[in-house]
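Take a look at the structure set out below.
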Amino acid sequence: MSGPVGEPDLEDSSEPSTRAVGDGVLLLESRATDVRGLPVRRGLPTRGRRTVGPWCFVDHAGPLLLDSDRRPDIGPHPHIGLHTVTWMLEGEMLHRDSLGSEQLVRPGELNVMTAGAGVAHSEEATSPDRRMIQLLQLWVAQPDSTRRGAAAFEHHSQLPRLELTGGEATVFIGTLAAVTSPARSESALVGADLSLRQGATCLPLERGFEHGLLVTEGAVRLGNTVATPGTLAYLLPGRDEIDLQVTERARAILVGGAPFAEELFMWWNFVARSRAEVELAYADWRDDTGRFGQVLSPLKRIEAPPPHWLGRP
Ligand code: MN
């Protein structure tokens with residue numbers, strides 16, 4: 001379930017999207033949208049914040065009860081300059097890409113696709129009718145030093161866990177408290193799924209990172225701030241830990257990394273640095289020049305909308 005990123009995610013507005021500020025915690029409202037019938041809460045990018053470390057796209061999709069009329073299949077579409085990080089909470093998806101990969105991903109497993117200079121993929125909701133689907137679709141921006149490189153795909157069925165005082169974490173990418181995922185990463189970062197019991201948890205953090213906590217179930221108190229689904233709690237760099245208080249069980253995704261120093265230019269499914277790069281990627285997909293390869297998928301290819309700045313005076 002990828003993207004796309006459009007104007008509502010990025011346009012400047014005087015409308016505040018920050019609901020609470022305290023103790024270095026900013027509660028940012030996610031934007032409600034929908035990707036092919038699947039309800040989505042978009043935590044990044046929003047008007048309030050574009051990136052958390054190298055994380056540049058955070059969609060919490062679902063839960064949705066699948067039936068024959070509601071099946072959020074995403075046909076072949078291209079990417080550049082990013083890793084897609086797919087983490088299922090419920091249900092399963094079938095990934096196919098232009099490298100020839102074909103891989104189911106289920107809860108507890110991870111798919112990471114590296115786009116580099118260009119790749120295409122499709123995502124098919126393969127769970128039977130009357131099953132729930134819920135997932136995190138995340139993008140990590142590739143640094144300038146690697147973003148023109150070759151495309152790649154990885155699947156990980158075993159991921160390391162970390163015991164916490166009031167729960168546990170699955171570290172699906174990067175490092176949390178010296179526990180490191182085997183998944184590919186090109187910058188210092190963390191992506192972890194936290195399962196929290198009633199009570200307090202002291203969550204260790206990397207001092208040089210900024211972090212975002214996306215609650216997917218229940219409610220989590222961070223100091224004076226209560227984060228619930230539909231918000232992204234943003235934590236400024238400079239913390240070694242944060243106390244999380246939970247009154248019932250809760251689940252949350254932690255993303256973080258060193259603040260990304262490069263200025264990104266994102267449009268649709270492309271993470272670039274300039275309009276010119278996006279225009280070229282758009283034209284290469286439209287004209288099927290071979291840059292993105294072919295995906296062997298029964299789904300219909302998704303056409304790119306023309307970049308909004310083309311055709312404007
Ligand atoms: Mn995608």
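For the structure tokens, the naming scheme is as follows: chains receive sequential letters (A, B, ...) according to their order of presentation, residues are indexed from 1 within each chain, and ligands are indexed from 1 in presentation order.
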Nearby polymer residues, ligand 1, at most 9 Å, only C-alpha atoms and all ligand atoms, as a list in words: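 Taking only C-alpha atoms and all ligand atoms into account, the residues around ligand 1 at most 9 Å away are Met1, Ser2, Gly3, Pro4, Ile74, Pro76, His77, Pro78, His79, Thr84, Ala120, His121, Ser122, Glu123, Gln137 and Asn269 of chain A.
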Only C-alpha atoms, please: the residues just picked out, written as a short mmCIF file (atom, residue, chain, number, x, y, z; two decimals), in the first residue's frame.
```cif
data_model
loop_
_atom_site.label_atom_id
_atom_site.label_comp_id
_atom_site.auth_asym_id
_atom_site.auth_seq_id
_atom_site.Cartn_x
_atom_site.Cartn_y
_atom_site.Cartn_z
CA MET A 1 0.00 0.00 0.00
CA SER A 2 2.06 2.88 -1.16
CA GLY A 3 1.33 6.53 -1.45
CA PRO A 4 0.68 8.52 -3.27
CA ILE A 74 -2.59 -1.67 -5.76
CA PRO A 76 1.98 -1.83 -10.72
CA HIS A 77 3.39 1.63 -9.95
CA PRO A 78 6.92 3.06 -9.83
CA HIS A 79 9.17 4.42 -7.08
CA THR A 84 9.31 0.86 1.07
CA ALA A 120 7.96 -0.88 -9.94
CA HIS A 121 5.77 -3.11 -7.77
CA SER A 122 2.21 -4.22 -7.12
CA GLU A 123 0.54 -5.09 -3.82
CA GLN A 137 3.28 1.36 4.87
CA ASN A 269 5.44 7.83 -5.52
#
```
Taking 3 positions as the minimum chain separation for residues in the same chain, which residues sit within 7 Å of segment 170-179 of chain A when counting only C-alpha atoms? Answer as a short mmCIF file (atom, residue, chain, number, x, y, z; two decimals) with C-alpha atoms, in the first residue's frame.
```
data_model
loop_
_atom_site.label_atom_id
_atom_site.label_comp_id
_atom_site.auth_asym_id
_atom_site.auth_seq_id
_atom_site.Cartn_x
_atom_site.Cartn_y
_atom_site.Cartn_z
CA LEU A 110 8.93 -7.51 6.90
CA LEU A 159 13.10 -10.21 13.52
CA PRO A 160 14.75 -9.52 16.86
CA ARG A 161 12.80 -8.64 19.98
CA LEU A 162 13.66 -6.49 22.96
CA ALA A 183 16.97 -5.49 7.34
CA SER A 185 19.27 0.41 5.96
CA ALA A 188 21.13 5.39 11.23
CA LEU A 189 17.48 4.76 12.10
CA VAL A 190 14.97 2.72 14.08
CA GLY A 191 11.63 1.17 13.25
CA ALA A 192 10.01 -0.92 16.00
CA ASP A 193 6.59 -2.29 16.93
CA LEU A 194 5.85 -1.82 20.65
CA PRO A 204 15.28 3.60 25.62
#
```
Given only C-alpha atoms, how would the per-residue table for segment 134-240 of chain A near segment 96-101 of chain A read, listing every residue at most 10 Å away with its closest atom pair and distance in Å to one decimal, sorted by chain and number, as a Markdown table?
```
| residue | atom | partner | partner_atom | distance |
| --- | --- | --- | --- | --- |
| A:Ala151 | CA | A:Leu99 | CA | 7.7 |
| A:Ala152 | CA | A:Leu99 | CA | 7.3 |
| A:Phe153 | CA | A:Ser101 | CA | 7.2 |
| A:Glu154 | CA | A:Ser101 | CA | 9.0 |
| A:His155 | CA | A:Ser101 | CA | 9.8 |
```
Keeping N, CA, C and O atoms, export the residues of the selection given above as a short mmCIF file (atom, residue, chain, number, x, y, z; two decimals), in the first residue's frame.
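As written to disk, selection.cif reads:
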```cif
data_model
loop_
_atom_site.label_atom_id
_atom_site.label_comp_id
_atom_site.auth_asym_id
_atom_site.auth_seq_id
_atom_site.Cartn_x
_atom_site.Cartn_y
_atom_site.Cartn_z
N ALA A 151 18.01 -1.20 -7.75
CA ALA A 151 16.86 -1.61 -6.96
C ALA A 151 17.15 -2.95 -6.29
O ALA A 151 18.02 -3.71 -6.74
N ALA A 152 16.42 -3.24 -5.21
CA ALA A 152 16.62 -4.49 -4.48
C ALA A 152 15.36 -4.81 -3.68
O ALA A 152 14.53 -3.92 -3.44
N PHE A 153 15.23 -6.07 -3.27
CA PHE A 153 14.09 -6.47 -2.45
C PHE A 153 14.56 -7.45 -1.40
O PHE A 153 15.40 -8.31 -1.67
N GLU A 154 14.02 -7.32 -0.19
CA GLU A 154 14.33 -8.23 0.92
C GLU A 154 13.06 -8.61 1.65
O GLU A 154 12.18 -7.76 1.83
N HIS A 155 13.01 -9.85 2.11
CA HIS A 155 11.94 -10.29 3.01
C HIS A 155 12.60 -10.85 4.26
O HIS A 155 13.60 -11.58 4.16
#
```
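The two atoms in question, atom CA of Met88 of chain A and atom CA of Ala125 of chain A, are spaced 11.3 Å apart.
Residue neighbourhood of Ser30 of chain A, excluding near-sequence residues (fewer than 5 positions): Arg41, Arg42, Gly43, Leu44, Thr46, Gly230, Thr231 and Leu232 of chain A, at 8 Å, using only C-alpha atoms.
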Resulting file, chosen residues, N, CA, C and O atoms, as a compact mmCIF listing (two decimals), in the first residue's frame:
```
# COMPACT_ATOMS: atom_id res chain seq x y z
N ARG A 41 -4.65 6.73 7.85
CA ARG A 41 -4.26 7.90 8.63
C ARG A 41 -2.80 8.18 8.29
O ARG A 41 -1.93 7.37 8.61
N ARG A 42 -2.57 9.30 7.62
CA ARG A 42 -1.21 9.62 7.14
C ARG A 42 -0.49 10.44 8.19
O ARG A 42 -0.80 11.62 8.40
N GLY A 43 0.50 9.82 8.83
CA GLY A 43 1.27 10.49 9.88
C GLY A 43 2.37 11.36 9.30
O GLY A 43 2.75 12.38 9.88
N LEU A 44 2.94 10.95 8.18
CA LEU A 44 3.95 11.71 7.43
C LEU A 44 3.73 11.49 5.94
O LEU A 44 3.39 10.37 5.57
N THR A 46 2.97 15.49 6.68
CA THR A 46 1.80 16.34 6.93
C THR A 46 2.27 17.78 6.88
O THR A 46 3.47 18.06 6.76
N GLY A 230 -4.36 8.02 14.98
CA GLY A 230 -4.71 9.25 14.27
C GLY A 230 -3.80 10.41 14.62
O GLY A 230 -4.01 11.53 14.17
N THR A 231 -2.81 10.14 15.47
CA THR A 231 -1.83 11.18 15.80
C THR A 231 -0.43 10.59 15.72
O THR A 231 -0.25 9.37 15.80
N LEU A 232 0.54 11.46 15.51
CA LEU A 232 1.96 11.08 15.57
C LEU A 232 2.59 11.94 16.66
O LEU A 232 2.59 13.17 16.55
```
Shell around segment 250-260 of chain A at 7 Å using only C-alpha atoms, local window under 5 positions removed, as a PyMOL selection string: chain A and resi 52-54+188-197+208-220
Interatomic distance, atom CA of Thr146 of chain A to atom CA of His83 of chain A (Å, one decimal):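 Separating atom CA of Thr146 of chain A from atom CA of His83 of chain A is a distance of 11.1 Å.
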Per DSSP on the backbone, filter segment 52-268 of chain A down to the residues in strand (DSSP E) and report them as a short mmCIF file (atom, residue, chain, number, x, y, z; two decimals) with N, CA and C atoms, in the first residue's frame.
```cif
data_model
loop_
_atom_site.label_atom_id
_atom_site.label_comp_id
_atom_site.auth_asym_id
_atom_site.auth_seq_id
_atom_site.Cartn_x
_atom_site.Cartn_y
_atom_site.Cartn_z
N TRP A 55 12.73 8.85 7.74
CA TRP A 55 11.35 8.40 7.46
C TRP A 55 10.59 9.55 6.82
N CYS A 56 10.05 9.34 5.65
CA CYS A 56 9.40 10.44 4.93
C CYS A 56 7.94 10.13 4.60
N PHE A 57 7.47 8.96 4.98
CA PHE A 57 6.09 8.58 4.67
C PHE A 57 5.68 7.53 5.69
N VAL A 58 4.57 7.81 6.39
CA VAL A 58 4.06 6.90 7.41
C VAL A 58 2.55 6.81 7.24
N ASP A 59 2.08 5.73 6.69
CA ASP A 59 0.63 5.49 6.56
C ASP A 59 0.23 4.35 7.47
N HIS A 60 -0.80 4.60 8.28
CA HIS A 60 -1.43 3.52 9.05
C HIS A 60 -2.74 3.21 8.33
N ALA A 61 -2.81 2.06 7.68
CA ALA A 61 -3.94 1.71 6.80
C ALA A 61 -4.81 0.65 7.46
N GLY A 62 -6.13 0.85 7.38
CA GLY A 62 -7.06 -0.07 7.97
C GLY A 62 -7.31 0.27 9.43
N PRO A 63 -7.94 -0.59 10.22
CA PRO A 63 -8.42 -1.92 9.81
C PRO A 63 -9.62 -1.83 8.86
N LEU A 64 -9.67 -2.79 7.93
CA LEU A 64 -10.76 -2.88 6.98
C LEU A 64 -11.15 -4.35 6.87
N LEU A 65 -12.47 -4.60 6.91
CA LEU A 65 -12.97 -5.95 6.70
C LEU A 65 -13.05 -6.18 5.18
N ILE A 74 -3.31 -2.79 -5.16
CA ILE A 74 -2.59 -1.67 -5.76
C ILE A 74 -1.82 -2.21 -6.96
N GLY A 75 -2.21 -1.80 -8.15
CA GLY A 75 -1.56 -2.28 -9.37
C GLY A 75 -0.14 -1.75 -9.50
N PRO A 76 0.58 -2.24 -10.52
CA PRO A 76 1.98 -1.83 -10.72
C PRO A 76 2.13 -0.30 -10.77
N HIS A 77 3.07 0.20 -9.99
CA HIS A 77 3.39 1.63 -9.95
C HIS A 77 4.87 1.77 -9.61
N PRO A 78 5.47 2.90 -9.99
CA PRO A 78 6.92 3.06 -9.83
C PRO A 78 7.32 3.77 -8.54
N HIS A 79 8.57 3.63 -8.17
CA HIS A 79 9.17 4.42 -7.08
C HIS A 79 10.59 4.79 -7.46
N LEU A 82 13.80 5.69 -2.56
CA LEU A 82 13.28 5.34 -1.22
C LEU A 82 13.33 3.82 -1.00
N HIS A 83 13.19 3.44 0.26
CA HIS A 83 12.89 2.06 0.63
C HIS A 83 11.43 2.03 1.05
N THR A 84 10.64 1.10 0.50
CA THR A 84 9.31 0.86 1.07
C THR A 84 9.50 -0.18 2.19
N VAL A 85 8.88 0.09 3.33
CA VAL A 85 8.96 -0.80 4.49
C VAL A 85 7.52 -1.19 4.82
N THR A 86 7.17 -2.45 4.60
CA THR A 86 5.79 -2.90 4.78
C THR A 86 5.70 -3.79 6.01
N TRP A 87 4.86 -3.37 6.95
CA TRP A 87 4.72 -4.07 8.23
C TRP A 87 3.23 -4.31 8.48
N MET A 88 2.84 -5.58 8.46
CA MET A 88 1.43 -5.93 8.59
C MET A 88 1.05 -6.04 10.06
N LEU A 89 -0.12 -5.50 10.41
CA LEU A 89 -0.69 -5.72 11.75
C LEU A 89 -1.72 -6.84 11.71
N GLU A 90 -2.47 -6.90 10.60
CA GLU A 90 -3.48 -7.97 10.41
C GLU A 90 -3.55 -8.28 8.92
N MET A 93 -0.46 -9.47 2.48
CA MET A 93 -0.37 -8.82 1.17
C MET A 93 0.64 -9.60 0.33
N LEU A 94 0.39 -9.63 -0.97
CA LEU A 94 1.34 -10.24 -1.90
C LEU A 94 2.05 -9.13 -2.66
N HIS A 95 3.38 -9.13 -2.54
CA HIS A 95 4.22 -8.14 -3.22
C HIS A 95 4.81 -8.77 -4.48
N ARG A 96 4.71 -8.06 -5.59
CA ARG A 96 5.43 -8.45 -6.81
C ARG A 96 6.16 -7.22 -7.33
N ASP A 97 7.38 -7.41 -7.85
CA ASP A 97 8.11 -6.24 -8.35
C ASP A 97 8.82 -6.55 -9.66
N GLU A 102 8.34 -12.15 -5.77
CA GLU A 102 6.94 -12.43 -5.48
C GLU A 102 6.93 -12.94 -4.05
N GLN A 103 6.36 -12.16 -3.14
CA GLN A 103 6.52 -12.47 -1.72
C GLN A 103 5.29 -12.07 -0.92
N LEU A 104 4.72 -13.04 -0.22
CA LEU A 104 3.66 -12.75 0.75
C LEU A 104 4.30 -12.13 1.99
N VAL A 105 3.59 -11.20 2.60
CA VAL A 105 4.04 -10.66 3.88
C VAL A 105 2.88 -10.73 4.86
N LEU A 110 8.62 -8.82 7.48
CA LEU A 110 8.93 -7.51 6.90
C LEU A 110 9.28 -7.62 5.44
N ASN A 111 8.72 -6.73 4.62
CA ASN A 111 9.18 -6.55 3.25
C ASN A 111 9.87 -5.20 3.15
N VAL A 112 11.06 -5.20 2.57
CA VAL A 112 11.78 -3.94 2.30
C VAL A 112 12.17 -3.93 0.84
N MET A 113 11.68 -2.95 0.11
CA MET A 113 12.06 -2.79 -1.29
C MET A 113 12.86 -1.50 -1.44
N THR A 114 14.00 -1.60 -2.08
CA THR A 114 14.85 -0.43 -2.35
C THR A 114 14.61 0.02 -3.78
N VAL A 119 12.19 1.37 -9.68
CA VAL A 119 11.63 0.02 -9.55
C VAL A 119 10.11 0.18 -9.65
N ALA A 120 9.42 -0.90 -9.98
CA ALA A 120 7.96 -0.88 -9.94
C ALA A 120 7.48 -2.09 -9.15
N HIS A 121 6.33 -1.96 -8.50
CA HIS A 121 5.77 -3.11 -7.77
C HIS A 121 4.26 -3.02 -7.71
N SER A 122 3.65 -4.16 -7.38
CA SER A 122 2.21 -4.22 -7.12
C SER A 122 2.01 -4.85 -5.75
N GLU A 123 0.86 -4.55 -5.15
CA GLU A 123 0.54 -5.09 -3.82
C GLU A 123 -0.91 -5.57 -3.87
N GLU A 124 -1.07 -6.83 -3.55
CA GLU A 124 -2.38 -7.46 -3.70
C GLU A 124 -2.85 -7.95 -2.33
N ALA A 125 -4.07 -7.58 -1.97
CA ALA A 125 -4.65 -8.06 -0.71
C ALA A 125 -5.15 -9.48 -0.95
N MET A 132 -9.81 -9.23 8.36
CA MET A 132 -9.38 -7.84 8.54
C MET A 132 -8.01 -7.65 7.90
N ILE A 133 -7.81 -6.44 7.39
CA ILE A 133 -6.47 -6.07 6.95
C ILE A 133 -6.10 -4.76 7.63
N GLN A 134 -4.87 -4.69 8.12
CA GLN A 134 -4.36 -3.49 8.79
C GLN A 134 -2.84 -3.52 8.67
N LEU A 135 -2.26 -2.41 8.27
CA LEU A 135 -0.81 -2.41 8.06
C LEU A 135 -0.20 -1.02 8.17
N LEU A 136 1.12 -1.02 8.29
CA LEU A 136 1.89 0.21 8.19
C LEU A 136 2.65 0.18 6.88
N GLN A 137 2.45 1.21 6.06
CA GLN A 137 3.28 1.36 4.87
C GLN A 137 4.17 2.56 5.12
N LEU A 138 5.45 2.31 5.14
CA LEU A 138 6.42 3.32 5.54
C LEU A 138 7.45 3.48 4.42
N TRP A 139 7.93 4.72 4.26
CA TRP A 139 9.02 4.96 3.32
C TRP A 139 10.20 5.58 4.07
N VAL A 140 11.39 5.11 3.69
CA VAL A 140 12.64 5.69 4.18
C VAL A 140 13.33 6.34 2.98
N ALA A 141 13.64 7.63 3.09
CA ALA A 141 14.35 8.32 2.00
C ALA A 141 15.78 7.78 1.92
N ALA A 152 16.42 -3.24 -5.21
CA ALA A 152 16.62 -4.49 -4.48
C ALA A 152 15.36 -4.81 -3.68
N PHE A 153 15.23 -6.07 -3.27
CA PHE A 153 14.09 -6.47 -2.45
C PHE A 153 14.56 -7.45 -1.40
N GLU A 154 14.02 -7.32 -0.19
CA GLU A 154 14.33 -8.23 0.92
C GLU A 154 13.06 -8.61 1.65
N HIS A 155 13.01 -9.85 2.11
CA HIS A 155 11.94 -10.29 3.01
C HIS A 155 12.60 -10.85 4.26
N HIS A 156 12.06 -10.51 5.41
CA HIS A 156 12.59 -11.04 6.67
C HIS A 156 11.45 -11.68 7.46
N ARG A 161 13.68 -9.25 18.98
CA ARG A 161 12.80 -8.64 19.98
C ARG A 161 13.61 -8.11 21.15
N LEU A 162 13.04 -7.12 21.80
CA LEU A 162 13.66 -6.49 22.96
C LEU A 162 12.63 -6.47 24.08
N GLU A 163 12.99 -7.02 25.23
CA GLU A 163 12.11 -6.96 26.39
C GLU A 163 12.14 -5.56 26.99
N LEU A 164 10.99 -5.02 27.26
CA LEU A 164 10.89 -3.71 27.92
C LEU A 164 10.30 -3.92 29.30
N GLY A 167 6.48 -4.33 28.57
CA GLY A 167 6.05 -4.88 27.29
C GLY A 167 7.23 -5.40 26.49
N GLU A 168 7.08 -5.39 25.16
CA GLU A 168 8.21 -5.79 24.34
C GLU A 168 8.17 -5.06 23.01
N ALA A 169 9.33 -5.05 22.36
CA ALA A 169 9.46 -4.38 21.06
C ALA A 169 9.98 -5.37 20.05
N THR A 170 9.44 -5.34 18.83
CA THR A 170 10.04 -6.04 17.70
C THR A 170 10.75 -4.99 16.87
N VAL A 171 12.06 -5.17 16.72
CA VAL A 171 12.85 -4.19 15.97
C VAL A 171 12.87 -4.64 14.52
N PHE A 172 12.02 -4.01 13.68
CA PHE A 172 11.94 -4.51 12.30
C PHE A 172 12.99 -3.90 11.39
N ILE A 173 13.48 -2.70 11.71
CA ILE A 173 14.59 -2.12 10.93
C ILE A 173 15.42 -1.23 11.84
N GLY A 174 16.72 -1.17 11.58
CA GLY A 174 17.60 -0.32 12.36
C GLY A 174 17.87 -0.90 13.74
N THR A 175 18.16 -0.02 14.70
CA THR A 175 18.62 -0.44 16.02
C THR A 175 17.83 0.25 17.11
N LEU A 176 17.45 -0.54 18.12
CA LEU A 176 16.83 -0.01 19.34
C LEU A 176 17.56 -0.66 20.52
N VAL A 179 19.76 -3.64 20.01
CA VAL A 179 19.14 -4.75 19.27
C VAL A 179 18.95 -4.29 17.83
N THR A 180 19.55 -5.02 16.88
CA THR A 180 19.58 -4.56 15.49
C THR A 180 18.89 -5.55 14.57
N LEU A 189 18.92 4.60 11.89
CA LEU A 189 17.48 4.76 12.10
C LEU A 189 16.96 3.66 13.00
N VAL A 190 15.68 3.79 13.38
CA VAL A 190 14.97 2.72 14.08
C VAL A 190 13.54 2.66 13.57
N GLY A 191 13.04 1.43 13.47
CA GLY A 191 11.63 1.17 13.25
C GLY A 191 11.28 -0.02 14.12
N ALA A 192 10.34 0.15 15.06
CA ALA A 192 10.01 -0.92 16.00
C ALA A 192 8.52 -0.92 16.30
N ASP A 193 8.00 -2.10 16.58
CA ASP A 193 6.59 -2.29 16.93
C ASP A 193 6.55 -2.58 18.43
N LEU A 194 5.89 -1.70 19.20
CA LEU A 194 5.85 -1.82 20.65
C LEU A 194 4.53 -2.39 21.09
N SER A 195 4.61 -3.44 21.90
CA SER A 195 3.43 -4.03 22.50
C SER A 195 3.52 -3.74 23.99
N LEU A 196 2.55 -2.95 24.50
CA LEU A 196 2.66 -2.43 25.86
C LEU A 196 1.53 -2.93 26.74
N GLY A 199 0.43 -0.10 32.69
CA GLY A 199 1.51 0.34 33.56
C GLY A 199 2.49 1.22 32.83
N ALA A 200 3.71 1.28 33.36
CA ALA A 200 4.73 2.18 32.82
C ALA A 200 5.82 1.41 32.11
N THR A 201 6.31 2.00 31.04
CA THR A 201 7.44 1.44 30.31
C THR A 201 8.45 2.55 30.10
N CYS A 202 9.71 2.26 30.42
CA CYS A 202 10.76 3.21 30.11
C CYS A 202 11.37 2.76 28.78
N LEU A 203 11.11 3.54 27.74
CA LEU A 203 11.57 3.17 26.40
C LEU A 203 12.93 3.82 26.13
N PRO A 204 13.96 3.01 25.91
CA PRO A 204 15.28 3.60 25.62
C PRO A 204 15.28 4.23 24.23
N GLU A 210 15.72 12.02 16.31
CA GLU A 210 14.35 12.47 16.57
C GLU A 210 13.48 11.24 16.40
N HIS A 211 12.32 11.21 17.06
CA HIS A 211 11.47 10.02 17.03
C HIS A 211 10.01 10.39 16.80
N GLY A 212 9.30 9.45 16.27
CA GLY A 212 7.85 9.59 16.14
C GLY A 212 7.20 8.33 16.69
N LEU A 213 6.16 8.50 17.50
CA LEU A 213 5.43 7.36 18.05
C LEU A 213 4.01 7.40 17.49
N LEU A 214 3.67 6.35 16.77
CA LEU A 214 2.36 6.26 16.13
C LEU A 214 1.57 5.16 16.82
N VAL A 215 0.59 5.55 17.62
CA VAL A 215 -0.20 4.56 18.35
C VAL A 215 -1.19 3.92 17.38
N THR A 216 -1.21 2.60 17.34
CA THR A 216 -2.13 1.90 16.43
C THR A 216 -3.30 1.28 17.18
N GLU A 217 -3.17 1.17 18.50
CA GLU A 217 -4.22 0.55 19.31
C GLU A 217 -4.10 1.06 20.73
N VAL A 220 -1.52 5.96 24.70
CA VAL A 220 -0.24 5.99 25.38
C VAL A 220 0.01 7.41 25.88
N ARG A 221 0.28 7.53 27.18
CA ARG A 221 0.60 8.85 27.75
C ARG A 221 2.11 9.04 27.76
N LEU A 222 2.54 10.18 27.20
CA LEU A 222 3.95 10.58 27.22
C LEU A 222 4.00 11.91 27.96
N THR A 225 1.09 14.43 27.53
CA THR A 225 0.45 14.25 26.23
C THR A 225 -0.08 12.82 26.11
N VAL A 226 -1.31 12.68 25.62
CA VAL A 226 -1.85 11.34 25.38
C VAL A 226 -1.98 11.12 23.87
N ALA A 227 -1.28 10.12 23.38
CA ALA A 227 -1.30 9.82 21.95
C ALA A 227 -2.27 8.65 21.71
N THR A 231 -2.81 10.14 15.47
CA THR A 231 -1.83 11.18 15.80
C THR A 231 -0.43 10.59 15.72
N LEU A 232 0.54 11.46 15.51
CA LEU A 232 1.96 11.08 15.57
C LEU A 232 2.59 11.94 16.66
N ALA A 233 3.07 11.28 17.71
CA ALA A 233 3.75 12.02 18.77
C ALA A 233 5.21 12.19 18.34
N TYR A 234 5.62 13.44 18.16
CA TYR A 234 6.98 13.74 17.69
C TYR A 234 7.86 14.11 18.88
N LEU A 235 9.01 13.46 18.98
CA LEU A 235 9.94 13.70 20.09
C LEU A 235 11.20 14.34 19.56
N GLU A 241 15.71 8.39 26.79
CA GLU A 241 14.58 7.50 27.11
C GLU A 241 13.31 8.32 27.19
N ILE A 242 12.18 7.64 27.19
CA ILE A 242 10.91 8.32 27.47
C ILE A 242 10.02 7.34 28.23
N ASP A 243 9.26 7.89 29.20
CA ASP A 243 8.32 7.06 29.96
C ASP A 243 6.99 7.02 29.24
N LEU A 244 6.49 5.83 29.03
CA LEU A 244 5.20 5.62 28.40
C LEU A 244 4.26 5.02 29.44
N GLN A 245 3.08 5.64 29.57
CA GLN A 245 2.08 5.14 30.54
C GLN A 245 0.88 4.61 29.77
N VAL A 246 0.47 3.42 30.14
CA VAL A 246 -0.64 2.77 29.45
C VAL A 246 -1.66 2.31 30.48
N ALA A 250 -1.74 -1.47 24.85
CA ALA A 250 -1.63 -0.57 23.70
C ALA A 250 -0.55 -1.10 22.76
N ARG A 251 -0.63 -0.62 21.53
CA ARG A 251 0.37 -1.00 20.54
C ARG A 251 0.78 0.27 19.80
N ALA A 252 2.06 0.42 19.51
CA ALA A 252 2.54 1.64 18.85
C ALA A 252 3.76 1.33 18.01
N ILE A 253 3.91 2.09 16.94
CA ILE A 253 5.07 1.98 16.07
C ILE A 253 6.01 3.14 16.38
N LEU A 254 7.27 2.81 16.64
CA LEU A 254 8.29 3.83 16.87
C LEU A 254 9.13 3.96 15.61
N VAL A 255 9.25 5.18 15.09
CA VAL A 255 10.19 5.46 14.00
C VAL A 255 11.13 6.55 14.48
N GLY A 256 12.36 6.51 14.00
CA GLY A 256 13.31 7.55 14.40
C GLY A 256 14.57 7.48 13.58
N GLY A 257 15.36 8.53 13.74
CA GLY A 257 16.64 8.58 13.05
C GLY A 257 17.27 9.94 13.24
N PHE A 265 12.31 16.43 -2.27
CA PHE A 265 11.19 16.88 -3.08
C PHE A 265 10.37 15.64 -3.41
N MET A 266 9.17 15.54 -2.81
CA MET A 266 8.34 14.34 -2.98
C MET A 266 7.12 14.66 -3.82
N TRP A 267 6.86 13.80 -4.75
CA TRP A 267 5.62 13.92 -5.52
C TRP A 267 5.16 12.52 -5.91
#
```
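When atom CA of Asp34 of chain A is paired with atom CA of Glu262 of chain A, their separation reads 28.8 Å.
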